Amino acid sequence: LPGAQVADLDAGCVLLDKDNVYVDFCYFHNLAVPGVQHSGDNRTGEGDGDDETIRFQLGEVPPNVESIVVAISCFAGDLARVQNAHCRVYDFATGSDLCTFSLGGRYAETSLLVCKLYRDAHAGGFWKLQVIGTPINGRNIVEFFFQDTHGPMADLRNEFKVKAACPYNDSKFFAAIEAMREAGVEAARTDKDAHH
């Protein structure tokens with residue numbers, strides 16, 4: 001359509017430890033982490049089939065990861081203007097969808113928290129799926145973990161904690177991030193500038 005904007009939807013996930021502090025992200029700037037593989041950034045939605053996928057090999061996820069939260073985000077615009085888009089959680093072993101969400105025009109926010117995979121301590125560490133399906137703002141999975149102590153990004157971080165049922169202590173989180181920085185771990189990026 002003339003003048004129509006193409007929505008750039010991004011799939012991303014965060015891997016969390018027992019304290020719900022992030023271990024890593026799998027998203028458009030980090031396509032592979034142990035046990036998780038992202039198909040790559042599709043900015044136009046062109047082509048048949050799923051535009052972006054995240055595939056989990058849960059047996060290969062590091063033992064310090066206790067849960068994984070998956071989100072779909074609009075890099076620009078909002079979900080209210082998205083048409084003909086959906087997301088699904090698919091079980092390759094059984095060939096069936098575990099849950100699906102239609103994204104077209106249903107949410108005014110910019111992201112949807114899709115689901116959480118978590119190790120069930122009561123079931124011998126067996127992975128389980130918790131469907132979330134809750135809208136939230138934020139342009140990508142990384143934005144739920146900014147270190148602002150107050151203001152909109154701090155509010156977004158606290159909203160994520162509640163909606164994803166991932167409570168954690170901010171001071172412990174900040175200390176863990178500082179330890180990563182001191183160990184030379186590069187900070188996660190939120191831009192899509194190829195020249196960065």
# chains A, B, ... in the order shown; residues from 1 in each chain; ligands from 1

$ residues_around --residues "range 56-61 of chain A" --least-positions-apart "3" --cutoff "8 Å" --atoms "only C-alpha atoms" --output "PyMOL selection string"
chain A and resi 34-37+65+127

$ write_last_selection --atoms "C-alpha atoms" --output "PDB file, in the first residue's frame"
ATOM      1  CA  PRO A  34      24.370 -22.220  24.394  1.00  0.00           C
ATOM      2  CA  GLY A  35      21.092 -24.057  23.821  1.00  0.00           C
ATOM      3  CA  VAL A  36      19.423 -21.164  21.956  1.00  0.00           C
ATOM      4  CA  GLN A  37      19.605 -20.203  18.263  1.00  0.00           C
ATOM      5  CA  VAL A  65      20.095 -20.717  33.676  1.00  0.00           C
ATOM      6  CA  TRP A 127      11.688 -27.711  31.730  1.00  0.00           C
TER       7      TRP A 127
END

$ residues_around --residues "range 12-19 of chain A" --least-positions-apart "4" --cutoff "10 Å" --atoms "only C-alpha atoms" --output "JSON, numbers by chain"
{"A": [23, 24, 25, 26, 27, 28, 29, 30, 31, 33, 36, 38, 52, 53, 54, 61, 62, 63, 64, 65, 66, 67, 68, 69, 70, 71, 72, 73, 113, 114, 115, 116, 117, 118, 119, 140, 141, 142, 144, 145, 166, 167, 168, 169, 172, 173]}

$ write_last_selection --atoms "C-alpha atoms" --output "mmCIF file, in the first residue's frame"
data_model
loop_
_atom_site.group_PDB
_atom_site.id
_atom_site.type_symbol
_atom_site.label_atom_id
_atom_site.label_comp_id
_atom_site.auth_asym_id
_atom_site.auth_seq_id
_atom_site.Cartn_x
_atom_site.Cartn_y
_atom_site.Cartn_z
ATOM 1 C CA VAL A 23 22.907 -14.420 32.135
ATOM 2 C CA ASP A 24 22.575 -13.595 28.439
ATOM 3 C CA PHE A 25 20.245 -12.411 25.682
ATOM 4 C CA CYS A 26 19.428 -14.062 22.364
ATOM 5 C CA TYR A 27 18.152 -11.406 19.958
ATOM 6 C CA PHE A 28 19.112 -9.524 16.782
ATOM 7 C CA HIS A 29 22.635 -8.675 18.028
ATOM 8 C CA ASN A 30 23.370 -12.039 19.646
ATOM 9 C CA LEU A 31 21.982 -14.861 17.513
ATOM 10 C CA VAL A 33 23.951 -18.691 23.004
ATOM 11 C CA VAL A 36 19.423 -21.164 21.956
ATOM 12 C CA HIS A 38 17.971 -17.144 16.650
ATOM 13 C CA GLU A 52 12.034 -14.887 12.902
ATOM 14 C CA THR A 53 12.448 -17.982 15.031
ATOM 15 C CA ILE A 54 14.210 -18.839 18.252
ATOM 16 C CA VAL A 61 21.180 -24.613 28.135
ATOM 17 C CA PRO A 62 23.834 -23.943 30.816
ATOM 18 C CA PRO A 63 22.940 -25.260 34.292
ATOM 19 C CA ASN A 64 23.049 -21.779 35.860
ATOM 20 C CA VAL A 65 20.095 -20.717 33.676
ATOM 21 C CA GLU A 66 16.849 -21.309 35.568
ATOM 22 C CA SER A 67 14.372 -19.591 33.240
ATOM 23 C CA ILE A 68 14.041 -18.028 29.791
ATOM 24 C CA VAL A 69 11.537 -15.276 28.960
ATOM 25 C CA VAL A 70 10.535 -14.744 25.306
ATOM 26 C CA ALA A 71 9.208 -11.449 23.915
ATOM 27 C CA ILE A 72 8.111 -10.055 20.556
ATOM 28 C CA SER A 73 8.848 -6.345 20.172
ATOM 29 C CA LEU A 113 5.770 -11.083 26.729
ATOM 30 C CA VAL A 114 5.036 -14.420 25.073
ATOM 31 C CA CYS A 115 6.099 -17.099 27.538
ATOM 32 C CA LYS A 116 8.579 -18.292 30.118
ATOM 33 C CA LEU A 117 10.444 -21.591 30.048
ATOM 34 C CA TYR A 118 11.646 -22.628 33.483
ATOM 35 C CA ARG A 119 13.257 -25.524 35.278
ATOM 36 C CA ASN A 140 13.471 -5.161 22.539
ATOM 37 C CA ILE A 141 14.292 -7.721 25.220
ATOM 38 C CA VAL A 142 17.334 -5.746 26.429
ATOM 39 C CA PHE A 144 13.689 -4.580 30.292
ATOM 40 C CA PHE A 145 17.101 -4.624 31.979
ATOM 41 C CA CYS A 166 10.744 -12.608 37.604
ATOM 42 C CA PRO A 167 11.289 -10.615 40.800
ATOM 43 C CA TYR A 168 14.852 -9.734 41.653
ATOM 44 C CA ASN A 169 16.746 -7.398 43.910
ATOM 45 C CA LYS A 172 22.082 -7.656 43.402
ATOM 46 C CA PHE A 173 21.282 -7.110 39.706
#

$ select_by_dssp --residues "range 6-164 of chain A" --states "alpha helix (DSSP H)" --output "list in words"
Pro152, Met153, Ala154, Asp155, Leu156, Arg157, Asn158, Glu159, Phe160, Lys161, Val162 and Lys163 of chain A

$ atom_distance --atom1 "CA of Phe160 in chain A" --atom2 "CA of Thr100 in chain A"
20.7 Å

$ select_by_dssp --residues "range 8-191 of chain A" --states "strand (DSSP E or B)" --output "JSON, numbers by chain"
{"A": [9, 10, 11, 12, 13, 14, 15, 16, 22, 23, 24, 25, 26, 27, 30, 32, 33, 36, 37, 38, 54, 55, 56, 67, 68, 69, 70, 71, 72, 73, 74, 86, 87, 88, 89, 90, 91, 96, 97, 98, 99, 100, 101, 102, 111, 112, 113, 114, 115, 116, 117, 118, 119, 120, 126, 127, 128, 129, 130, 131, 132, 133, 134, 135, 136]}

$ atom_distance --atom1 "CA of Asn84 in chain A" --atom2 "CA of Gly40 in chain A"
20.2 Å

$ residues_around --residues "range 87-89 of chain A" --least-positions-apart "3" --cutoff "6 Å" --atoms "only C-alpha atoms" --output "number ranges by chain"
A: 97-101

$ closest_residue --among "A:Gly133, A:Arg189, A:Ala93, A:Gln147" --to "Phe174 in chain A" --atoms "only C-alpha atoms"
A:Gln147
